[in-house]
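Novice: Following this line is model.cif, made up of mmCIF, C-alpha atoms and all ligand atoms:
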```cif
data_data
#
loop_
_atom_site.label_atom_id
_atom_site.label_comp_id
_atom_site.auth_asym_id
_atom_site.auth_seq_id
_atom_site.Cartn_x
_atom_site.Cartn_y
_atom_site.Cartn_z
CA MET C 1 11.34 12.59 28.04
CA PRO C 2 9.04 9.87 26.73
CA PRO C 3 9.46 6.47 28.41
CA PRO C 4 11.67 3.98 26.58
CA GLU C 5 9.74 2.08 23.94
CA ASP C 6 9.31 -1.64 24.14
CA GLY C 7 8.33 -3.76 21.15
CA LYS C 8 4.65 -3.70 21.98
CA GLN C 9 4.44 0.05 22.07
CA SER C 10 6.21 0.25 18.70
CA ALA C 11 3.76 -2.20 17.18
CA ASP C 12 0.90 -0.14 18.60
CA LEU C 13 2.31 3.00 17.06
CA LEU C 14 2.50 1.35 13.63
CA ASP C 15 -1.09 0.19 14.09
CA LEU C 16 -2.08 3.76 14.84
CA ILE C 17 -0.22 4.97 11.74
CA CYS C 18 -1.95 2.38 9.55
CA ASP C 19 -5.34 3.41 10.95
CA LEU C 20 -4.49 7.06 10.31
CA ILE C 21 -3.47 6.64 6.69
CA GLU C 22 -6.46 4.41 6.03
CA GLN C 23 -8.98 6.97 7.23
CA PRO C 24 -10.75 8.54 4.24
CA SER C 25 -10.25 12.16 5.21
CA ARG C 26 -6.88 13.81 5.34
CA ARG C 27 -8.00 15.92 8.27
CA ILE C 28 -7.80 14.23 11.61
CA GLY C 29 -11.29 14.66 12.94
CA ALA C 30 -12.25 15.23 16.54
CA GLY C 31 -13.45 11.62 16.62
CA PHE C 32 -10.03 10.19 15.91
CA GLN C 33 -8.05 9.50 19.04
CA LEU C 34 -4.42 10.28 18.42
CA GLY C 35 -3.55 8.69 21.71
CA ASN C 36 -1.48 10.52 24.27
CA GLY C 37 0.57 13.63 23.60
CA ALA C 38 3.80 11.68 23.24
CA GLU C 39 2.34 9.61 20.39
CA ALA C 40 1.09 12.70 18.57
CA GLU C 41 4.55 14.21 18.95
CA ARG C 42 6.21 11.12 17.52
CA LEU C 43 3.80 11.10 14.57
CA ALA C 44 4.72 14.71 13.90
CA LYS C 45 8.42 13.85 14.10
CA LEU C 46 7.88 11.00 11.63
CA GLY C 47 6.32 13.57 9.27
CA LEU C 48 3.00 11.75 9.24
CA VAL C 49 0.90 14.49 10.78
CA ARG C 50 1.19 18.20 10.17
CA PRO C 51 -0.77 21.21 11.34
CA GLY C 52 -3.75 21.58 9.04
CA SER C 53 -5.52 24.57 7.60
CA ALA C 54 -8.37 26.16 9.54
CA PRO C 55 -11.39 23.85 9.63
CA LYS C 56 -14.22 24.57 7.18
CA THR C 57 -16.59 22.40 9.14
CA ILE C 58 -17.07 21.99 12.85
CA ALA C 59 -17.79 18.66 14.47
CA CYS C 60 -20.70 19.79 16.60
CA ARG C 61 -20.58 18.65 20.21
CA ALA C 62 -24.33 19.19 20.58
CA CYS C 63 -25.65 17.02 17.74
CA ASP C 64 -22.63 15.06 16.48
CA GLU C 65 -23.02 16.38 12.92
CA ASP C 66 -20.46 18.34 10.94
CA HIS C 67 -21.65 21.90 10.29
CA PRO C 68 -20.09 24.18 7.71
CA ALA C 69 -19.26 27.05 9.98
CA THR C 70 -16.92 29.86 10.73
CA PRO C 71 -16.11 29.92 14.41
CA LYS C 72 -17.08 33.17 16.06
CA PHE C 73 -15.26 34.55 19.03
CA ASP C 74 -17.09 35.76 22.14
CA SER C 75 -14.86 38.32 23.82
CA VAL C 76 -16.90 38.17 27.04
CA THR C 77 -16.48 34.44 27.64
CA GLY C 78 -13.17 34.32 25.78
CA ARG C 79 -14.38 31.30 23.81
CA HIS C 80 -15.22 30.44 20.23
CA PHE C 81 -18.75 29.31 19.37
CA HIS C 82 -20.88 28.38 16.39
CA PHE C 83 -24.59 28.00 15.70
CA CYS C 84 -26.12 24.56 15.45
CA PRO C 85 -29.50 24.19 13.65
CA VAL C 86 -30.60 21.84 16.42
CA ALA C 87 -29.05 23.18 19.59
CA GLY C 88 -28.45 26.84 18.80
CA ARG C 89 -25.32 28.40 20.17
CA VAL C 90 -22.64 25.81 20.97
CA ASP C 91 -19.27 26.57 22.48
CA ILE C 92 -16.25 25.16 20.67
CA GLU C 93 -13.57 23.40 22.65
CA PRO C 94 -10.24 25.07 21.89
CA ARG C 95 -8.70 21.74 20.83
CA ASP C 96 -11.39 21.32 18.15
CA LEU C 97 -9.95 24.37 16.44
CA GLU C 98 -6.48 22.88 16.26
CA THR C 99 -6.49 20.75 13.16
CA LEU C 100 -3.97 18.17 12.13
CA GLU C 101 -3.64 16.64 8.71
CA VAL C 102 -2.35 13.23 7.74
CA HIS C 103 0.56 13.29 5.33
CA ALA C 104 0.44 9.74 3.94
CA ARG C 105 3.32 10.32 1.51
CA ALA C 106 5.66 10.41 4.52
CA ILE C 107 5.37 6.64 4.86
CA VAL C 108 6.93 6.30 1.39
CA ASP C 109 10.08 8.12 2.48
CA LEU C 110 10.19 6.18 5.76
CA LEU C 111 9.99 2.85 3.90
CA VAL C 112 12.58 3.89 1.32
CA ALA C 113 14.98 4.63 4.17
CA ALA C 114 14.05 1.50 6.13
CA PHE C 115 14.87 -1.18 3.54
CA PRO C 116 16.89 0.69 2.13
CA VAL C 117 15.51 1.04 -1.40
CA LEU C 118 18.28 1.89 -3.86
CA PRO C 119 17.89 3.94 -5.92
CA ALA C 120 14.80 5.45 -4.36
CA ILE C 121 12.09 6.02 -6.97
CA GLY C 122 9.09 7.07 -4.88
CA ARG C 123 6.92 7.60 -7.98
CA GLU C 124 3.20 7.99 -7.44
CA LEU C 125 1.32 5.25 -9.33
CA VAL C 126 -2.24 5.92 -8.17
CA SER C 127 -3.01 9.44 -7.02
CA GLU C 128 -2.52 9.68 -3.24
CA LYS C 129 -2.92 5.89 -2.95
CA ALA C 130 0.04 3.96 -4.38
CA TRP C 131 3.73 4.62 -4.92
CA HIS C 132 6.53 2.65 -6.55
CA LEU C 133 9.30 2.68 -3.93
CA GLY C 134 12.00 1.01 -6.06
CA GLU C 135 14.15 -2.11 -5.62
CA ALA C 136 15.61 -3.54 -2.44
CA ILE C 137 17.77 -6.60 -1.86
CA VAL C 138 16.61 -8.69 1.09
CA GLY C 139 18.54 -11.88 1.91
CA GLY C 140 19.90 -12.04 -1.63
CA THR C 141 16.47 -11.64 -3.23
CA SER C 142 15.66 -8.59 -5.31
CA LEU C 143 12.28 -7.12 -4.42
CA THR C 144 10.34 -4.59 -6.43
CA LEU C 145 8.47 -2.66 -3.77
CA ILE C 146 5.24 -0.70 -3.93
CA PHE C 147 3.34 0.90 -1.11
CA ALA C 148 -0.44 1.16 -1.38
CA ARG C 149 -3.15 2.35 0.96
CA GLN C 150 -6.95 2.33 0.92
CA ILE C 151 -7.09 -0.63 -1.47
CA GLY C 152 -10.19 -2.10 0.14
CA SER C 153 -12.61 -0.96 -2.56
CA GLN C 154 -12.91 -2.78 -5.90
CA ARG C 155 -12.29 0.46 -7.68
CA THR C 156 -9.02 1.27 -5.96
CA PHE C 157 -7.91 -2.33 -6.26
CA GLY C 158 -8.59 -2.12 -10.00
CA ASP C 159 -6.58 1.12 -10.22
CA LEU C 160 -3.74 -0.56 -8.37
CA ALA C 161 -3.83 -3.59 -10.69
CA ARG C 162 -3.66 -1.41 -13.79
CA ALA C 163 -0.81 0.59 -12.25
CA VAL C 164 1.35 -2.38 -11.27
CA ALA C 165 0.97 -3.82 -14.77
CA THR C 166 3.33 -1.01 -15.82
CA VAL C 167 5.93 -1.87 -13.15
CA PRO C 168 7.77 -5.11 -14.00
CA ALA C 169 8.98 -6.95 -10.94
CA THR C 170 12.60 -8.06 -10.60
CA GLU C 171 12.55 -11.36 -8.68
CA ILE C 172 9.55 -10.73 -6.46
CA GLY C 173 7.03 -7.93 -6.74
CA MET C 174 5.72 -6.93 -3.34
CA ILE C 175 3.00 -4.45 -2.46
CA LEU C 176 3.10 -3.30 1.15
CA THR C 177 -0.16 -1.99 2.45
CA SER C 178 -1.74 -0.42 5.49
CA SER C 179 -5.11 -1.82 4.34
CA PRO C 180 -6.63 -5.10 5.46
CA LEU C 181 -5.38 -7.78 3.07
CA PRO C 182 -7.67 -8.43 0.09
CA ASP C 183 -8.83 -11.90 -0.91
CA PRO C 184 -5.62 -13.88 -1.68
CA GLN C 185 -7.39 -15.35 -4.74
CA LEU C 186 -7.26 -11.96 -6.45
CA MET C 187 -4.41 -12.05 -8.95
CA LEU C 188 -2.33 -9.02 -9.75
CA PRO C 189 -0.34 -8.41 -12.94
CA ASN C 190 3.37 -9.22 -12.83
CA ARG C 191 2.53 -11.65 -10.00
CA TYR C 192 2.67 -8.96 -7.35
CA THR C 193 1.95 -10.20 -3.88
CA ILE C 194 0.40 -8.09 -1.12
CA VAL C 195 1.91 -8.03 2.35
CA GLY C 196 0.52 -6.20 5.36
CA LEU C 197 2.78 -3.43 6.59
CA ARG C 198 1.81 -4.29 10.18
CA ASP C 199 3.13 -7.78 9.59
CA ILE C 200 6.69 -6.85 8.62
CA ALA C 201 7.44 -3.46 10.16
CA SER C 202 7.53 -1.55 13.40
CA ILE C 203 8.46 1.94 14.53
CA GLU C 204 11.78 2.41 16.29
CA GLY C 205 12.45 5.96 17.45
CA SER C 206 11.67 8.14 14.44
CA CYS C 207 12.26 5.40 11.85
CA VAL C 208 10.40 2.49 10.36
CA GLU C 209 12.21 -0.77 11.01
CA ILE C 210 11.70 -3.79 8.76
CA ASN C 211 11.42 -7.12 10.52
CA ARG C 212 13.83 -9.02 8.26
CA SER C 213 13.06 -12.51 9.53
CA ARG C 214 9.33 -12.04 8.94
CA LEU C 215 10.01 -10.60 5.49
CA ALA C 216 12.34 -13.52 4.71
CA ALA C 217 9.55 -15.91 5.73
CA HIS C 218 7.21 -14.24 3.23
CA ILE C 219 9.85 -14.55 0.51
CA ARG C 220 10.43 -18.26 1.28
CA MET C 221 6.70 -18.90 1.17
CA LEU C 222 6.40 -17.22 -2.22
CA ARG C 223 9.36 -19.11 -3.63
CA GLY C 224 7.91 -22.38 -2.33
CA LYS C 225 4.56 -21.64 -3.96
CA ARG C 226 6.20 -20.97 -7.32
CA GLN C 227 8.35 -24.09 -7.14
CA ARG C 228 5.29 -26.21 -6.37
CA LEU C 229 3.54 -24.65 -9.35
CA ARG C 230 6.49 -25.60 -11.55
CA ALA C 231 6.92 -29.08 -10.11
CA VAL C 232 3.42 -30.33 -10.90
CA GLY C 233 3.62 -33.66 -12.76
CA GLY C 234 7.41 -33.88 -12.81
CA ARG C 235 7.75 -31.68 -15.87
CA PRO C 236 6.69 -28.06 -15.99
CA SER C 237 3.06 -27.46 -16.81
CA ASN C 238 2.10 -25.32 -19.79
CA GLU C 239 0.90 -22.72 -17.33
CA SER C 240 4.25 -22.43 -15.55
CA LEU C 241 6.08 -22.34 -18.91
CA VAL C 242 3.82 -19.47 -19.96
CA VAL C 243 4.39 -17.68 -16.64
CA ASP C 244 8.16 -18.07 -17.00
CA ALA C 245 8.16 -16.95 -20.62
CA TYR C 246 6.02 -13.97 -19.68
CA ASP C 247 8.43 -13.04 -16.85
CA ARG C 248 11.49 -13.42 -19.09
CA ARG C 249 9.92 -11.12 -21.67
CA ARG C 250 9.34 -8.48 -18.97
CA GLN C 251 12.95 -8.88 -17.83
CA ARG C 252 14.05 -8.22 -21.42
CA ASP C 253 11.84 -5.10 -21.37
CA GLU C 254 9.63 -6.45 -24.16
CA PRO C 255 6.51 -4.29 -24.27
CA PHE C 256 3.15 -5.89 -23.56
CA VAL C 257 1.17 -4.75 -26.60
CA SER C 258 -1.95 -6.90 -26.32
CA THR C 259 -2.89 -10.30 -24.95
CA ALA C 260 -3.10 -11.68 -28.49
CA ALA C 261 0.30 -10.34 -29.57
CA GLU C 262 1.86 -11.46 -26.29
CA ALA C 263 0.40 -14.97 -26.68
CA ARG C 264 1.79 -15.29 -30.22
CA ALA C 265 5.22 -14.10 -29.04
CA ILE C 266 5.20 -16.55 -26.12
CA VAL C 267 4.27 -19.48 -28.37
CA SER C 268 7.17 -18.53 -30.61
CA ASP C 269 9.54 -18.21 -27.59
CA LEU C 270 8.44 -21.60 -26.23
CA THR C 271 8.84 -23.30 -29.62
CA LYS C 272 12.46 -22.14 -29.67
CA ALA C 273 13.17 -22.83 -25.97
CA HIS C 274 11.57 -26.30 -25.86
CA PRO C 275 11.98 -27.88 -29.32
CA ASP C 276 11.29 -31.29 -27.71
CA ARG C 277 7.72 -30.55 -26.78
CA MET C 278 4.58 -29.42 -28.50
CA PRO C 279 4.03 -25.75 -27.66
CA PRO C 280 0.65 -24.79 -26.21
CA GLY C 281 -1.84 -23.22 -28.58
CA VAL C 282 -2.28 -19.45 -28.77
CA SER C 283 -5.74 -19.66 -27.17
CA THR C 284 -4.35 -21.69 -24.23
CA VAL C 285 -1.60 -19.12 -23.72
CA ARG C 286 -4.16 -16.34 -23.87
CA LYS C 287 -6.16 -18.07 -21.15
CA HIS C 288 -3.08 -18.32 -18.89
CA LEU C 289 -2.17 -14.72 -19.66
CA SER C 290 -5.55 -13.33 -18.72
CA LYS C 291 -5.41 -15.30 -15.46
CA LEU C 292 -1.91 -13.96 -14.82
CA ARG C 293 -2.89 -10.38 -15.53
CA SER C 294 -6.47 -10.32 -14.28
CA SER C 295 -7.02 -7.60 -11.76
CA GLY C 296 -9.88 -9.29 -10.02
CA SER C 297 -12.19 -6.34 -10.67
ZN ZN L 301 -25.18 20.63 15.78
#
```
Starting from the coordinates I provided, produce the structure as structure tokens.

Specialist:
Amino acid sequence: MPPPEDGKQSADLLDLICDLIEQPSRRIGAGFQLGNGAEAERLAKLGLVRPGSAPKTIACRACDEDHPATPKFDSVTGRHFHFCPVAGRVDIEPRDLETLEVHARAIVDLLVAAFPVLPAIGRELVSEKAWHLGEAIVGGTSLTLIFARQIGSQRTFGDLARAVATVPATEIGMILTSSPLPDPQLMLPNRYTIVGLRDIASIEGSCVEINRSRLAAHIRMLRGKRQRLRAVGGRPSNESLVVDAYDRRRQRDEPFVSTAAEARAIVSDLTKAHPDRMPPGVSTVRKHLSKLRSSGS
């Protein structure tokens, strides 16, 4: 029986999971410490690691390089070995032949169950990197939730930005990630915000548990930011009017055809909604729109 978990151990396990799903290779290499046996067992139970296929390369213990190799078996010593161009014959530790693979998709199912997300969508948005989980209500606020991993590179971040442009957010669009948080200045389409998974979740038994008070704090902070944006100067700024009009059009499922067409439609919407004020010009709206939708890459 594993010892009872306290909060710290759970946080550590989530840290380990984030590190695992951030590592570039699916195969868990000999260099990656899975921790003690109990942790590896819990990861398997969570569906995050699975037995892998036989290794096509061997992490050489003599020279620290990976060699493409087929392990050979020596019936005299009862051990496997391979040939290293530097060191010659090198014995293989039996545990190096046991491979495990990371199954990152498992975190999607764990998160869907944890919120819960209803109905669960779980659609892949960026191959092996980002998934639309669906909607969840947290403290009366409707969240559109996405999980993304390995978003540290400009390229992946750009892919993510293009993908979330196709997923309108309900009240708040939130991308949970195992990656280190990108520069907060980077804007995402549909005003998605990025929240670190480590910041709002932990592992309890064989489930992910959402820390609701921390999540609520994130939601309050976002709401506060938007209200401040709207409150500038006593009456709403052109920018916040454009942002609101843009959001309302997404809520009505109006397609985003092009920045130019969207800007013309927003000017027309604002003329009708605020007959008392001069609507912003199309070029001003375009400027706000490109800021709103810029991917930062
Ligand atoms: Zn070698």

Novice: Step by step, measure atom-to-atom distances between ligand ZN 301 (chain L) and each residue using only C-alpha atoms and all ligand atoms, keep those at most 12 Å, then write them as a ChimeraX atom specification.

Specialist: /C:57-69,81-92

Novice: Tell me which of C:Leu46, C:Cys18, C:Met221, C:Leu289 sits closest to C:Ser258, counting all atoms listed in the file.

Specialist: C:Leu289

Novice: Of the residues C:Ala165, C:Leu48, C:Ala40, C:Leu111, which is the one nearest to C:Ala201, using all atoms listed in the file?

Specialist: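 The answer is C:Leu111, which sits nearest to C:Ala201.
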
Novice: Where does stretch 171-222 of chain C meet stretch 129-133 of chain C within 10 Å, residue by residue, with the nearest atom pair and distance in Å to one decimal for each, counting all atoms listed in the file, listed by chain and rising number, as JSON lines?

Specialist:
```
{"residue": "C:Ile175", "atom": "CA", "partner": "C:His132", "partner_atom": "CA", "distance": 8.9}
{"residue": "C:Leu176", "atom": "CA", "partner": "C:Ala130", "partner_atom": "CA", "distance": 9.6}
{"residue": "C:Thr177", "atom": "CA", "partner": "C:Ala130", "partner_atom": "CA", "distance": 9.1}
```

Novice: Pick from C:Met187, C:Ala44, C:Ala104, C:Ile266: nearest to C:Ser290, with all atoms listed in the file counted?

Specialist: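 Distance minimum relative to C:Ser290 lands on C:Met187.
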
Novice: Please list as a PDB file with C-alpha atoms, in the coordinates of the input every residue within 10 Å of C:Val138, counting all atoms listed in the file and excluding residues in the same chain fewer than 5 positions away.

Specialist:
```pdb
ATOM      1  CA  PHE C 115      14.870  -1.180   3.540  1.00  0.00           C
ATOM      2  CA  PRO C 116      16.890   0.690   2.130  1.00  0.00           C
ATOM      3  CA  LEU C 143      12.280  -7.120  -4.420  1.00  0.00           C
ATOM      4  CA  ARG C 212      13.830  -9.020   8.260  1.00  0.00           C
ATOM      5  CA  SER C 213      13.060 -12.510   9.530  1.00  0.00           C
ATOM      6  CA  LEU C 215      10.010 -10.600   5.490  1.00  0.00           C
ATOM      7  CA  ALA C 216      12.340 -13.520   4.710  1.00  0.00           C
ATOM      8  CA  ILE C 219       9.850 -14.550   0.510  1.00  0.00           C
TER       9      ILE C 219
END
```

Novice: Taking all atoms listed in the file into account, name the residue in C:Asp276, C:Asn238, C:Ala217, C:Gly281 that is nearest to C:Ile200.

Specialist: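 Of C:Asp276, C:Asn238, C:Ala217, C:Gly281, the one nearest C:Ile200 is C:Ala217, counting all atoms listed in the file.
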
Novice: Quote the spacing between atom CA of C:Asp15 and atom CA of C:Ser153 in Å to one decimal place.

Specialist: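 According to the coordinates, atom CA of C:Asp15 and atom CA of C:Ser153 are separated by 20.3 Å.
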
Novice: Would you mind exporting stretch 240-268 of chain C with N, CA and C atoms, as a JSON list (two decimals), in the first residue's frame?

Specialist:
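What follows is the written file out00.json:
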```json
[["chain", "number", "residue", "atom", "x", "y", "z"],
["C", 240, "SER", "N", -12.92, 49.27, -26.27],
["C", 240, "SER", "CA", -13.76, 48.31, -25.56],
["C", 240, "SER", "C", -15.09, 48.10, -26.28],
["C", 241, "LEU", "N", -15.60, 49.16, -26.96],
["C", 241, "LEU", "CA", -16.82, 48.98, -27.75],
["C", 241, "LEU", "C", -16.58, 47.97, -28.88],
["C", 242, "VAL", "N", -15.42, 48.08, -29.50],
["C", 242, "VAL", "CA", -15.08, 47.16, -30.60],
["C", 242, "VAL", "C", -14.96, 45.73, -30.06],
["C", 243, "VAL", "N", -14.29, 45.61, -28.90],
["C", 243, "VAL", "CA", -14.11, 44.29, -28.30],
["C", 243, "VAL", "C", -15.48, 43.67, -27.97],
["C", 244, "ASP", "N", -16.35, 44.48, -27.38],
["C", 244, "ASP", "CA", -17.69, 43.98, -27.04],
["C", 244, "ASP", "C", -18.47, 43.58, -28.30],
["C", 245, "ALA", "N", -18.41, 44.45, -29.31],
["C", 245, "ALA", "CA", -19.16, 44.17, -30.54],
["C", 245, "ALA", "C", -18.64, 42.88, -31.18],
["C", 246, "TYR", "N", -17.32, 42.76, -31.16],
["C", 246, "TYR", "CA", -16.68, 41.56, -31.71],
["C", 246, "TYR", "C", -17.17, 40.32, -30.96],
["C", 247, "ASP", "N", -17.17, 40.39, -29.61],
["C", 247, "ASP", "CA", -17.62, 39.25, -28.80],
["C", 247, "ASP", "C", -19.09, 38.92, -29.06],
["C", 248, "ARG", "N", -19.92, 39.99, -29.17],
["C", 248, "ARG", "CA", -21.35, 39.73, -29.40],
["C", 248, "ARG", "C", -21.56, 39.04, -30.75],
["C", 249, "ARG", "N", -20.77, 39.44, -31.74],
["C", 249, "ARG", "CA", -20.90, 38.80, -33.06],
["C", 249, "ARG", "C", -20.51, 37.33, -33.00],
["C", 250, "ARG", "N", -19.48, 37.01, -32.19],
["C", 250, "ARG", "CA", -19.10, 35.59, -32.03],
["C", 250, "ARG", "C", -20.20, 34.82, -31.31],
["C", 251, "GLN", "N", -20.83, 35.50, -30.30],
["C", 251, "GLN", "CA", -21.91, 34.83, -29.57],
["C", 251, "GLN", "C", -23.10, 34.54, -30.50],
["C", 252, "ARG", "N", -23.30, 35.42, -31.49],
["C", 252, "ARG", "CA", -24.39, 35.20, -32.45],
["C", 252, "ARG", "C", -23.95, 34.25, -33.57],
["C", 253, "ASP", "N", -22.76, 33.70, -33.45],
["C", 253, "ASP", "CA", -22.21, 32.78, -34.46],
["C", 253, "ASP", "C", -22.01, 33.43, -35.82],
["C", 254, "GLU", "N", -21.77, 34.76, -35.83],
["C", 254, "GLU", "CA", -21.46, 35.41, -37.09],
["C", 254, "GLU", "C", -20.06, 34.95, -37.51],
["C", 255, "PRO", "N", -19.91, 34.56, -38.77],
["C", 255, "PRO", "CA", -18.57, 34.12, -39.19],
["C", 255, "PRO", "C", -17.60, 35.30, -39.29],
["C", 256, "PHE", "N", -16.34, 35.04, -39.00],
["C", 256, "PHE", "CA", -15.31, 36.05, -39.21],
["C", 256, "PHE", "C", -14.75, 35.82, -40.60],
["C", 257, "VAL", "N", -15.14, 36.67, -41.56],
["C", 257, "VAL", "CA", -14.74, 36.44, -42.95],
["C", 257, "VAL", "C", -13.36, 37.04, -43.21],
["C", 258, "SER", "N", -13.21, 38.30, -42.88],
["C", 258, "SER", "CA", -11.91, 38.97, -43.03],
["C", 258, "SER", "C", -11.91, 40.15, -42.08],
["C", 259, "THR", "N", -10.74, 40.68, -41.80],
["C", 259, "THR", "CA", -10.65, 41.83, -40.89],
["C", 259, "THR", "C", -11.44, 43.00, -41.46],
["C", 260, "ALA", "N", -11.33, 43.20, -42.78],
["C", 260, "ALA", "CA", -12.03, 44.33, -43.41],
["C", 260, "ALA", "C", -13.54, 44.18, -43.29],
["C", 261, "ALA", "N", -14.04, 42.99, -43.63],
["C", 261, "ALA", "CA", -15.49, 42.76, -43.58],
["C", 261, "ALA", "C", -16.00, 42.86, -42.14],
["C", 262, "GLU", "N", -15.20, 42.32, -41.21],
["C", 262, "GLU", "CA", -15.58, 42.36, -39.80],
["C", 262, "GLU", "C", -15.63, 43.81, -39.32],
["C", 263, "ALA", "N", -14.65, 44.61, -39.72],
["C", 263, "ALA", "CA", -14.59, 46.01, -39.29],
["C", 263, "ALA", "C", -15.82, 46.76, -39.80],
["C", 264, "ARG", "N", -16.18, 46.53, -41.07],
["C", 264, "ARG", "CA", -17.36, 47.21, -41.63],
["C", 264, "ARG", "C", -18.62, 46.81, -40.86],
["C", 265, "ALA", "N", -18.72, 45.50, -40.55],
["C", 265, "ALA", "CA", -19.91, 45.01, -39.83],
["C", 265, "ALA", "C", -19.97, 45.61, -38.43],
["C", 266, "ILE", "N", -18.80, 45.74, -37.79],
["C", 266, "ILE", "CA", -18.78, 46.28, -36.42],
["C", 266, "ILE", "C", -19.16, 47.76, -36.43],
["C", 267, "VAL", "N", -18.66, 48.50, -37.41],
["C", 267, "VAL", "CA", -19.04, 49.92, -37.51],
["C", 267, "VAL", "C", -20.56, 50.03, -37.66],
["C", 268, "SER", "N", -21.12, 49.17, -38.49],
["C", 268, "SER", "CA", -22.57, 49.20, -38.69],
["C", 268, "SER", "C", -23.31, 48.82, -37.41]]
```
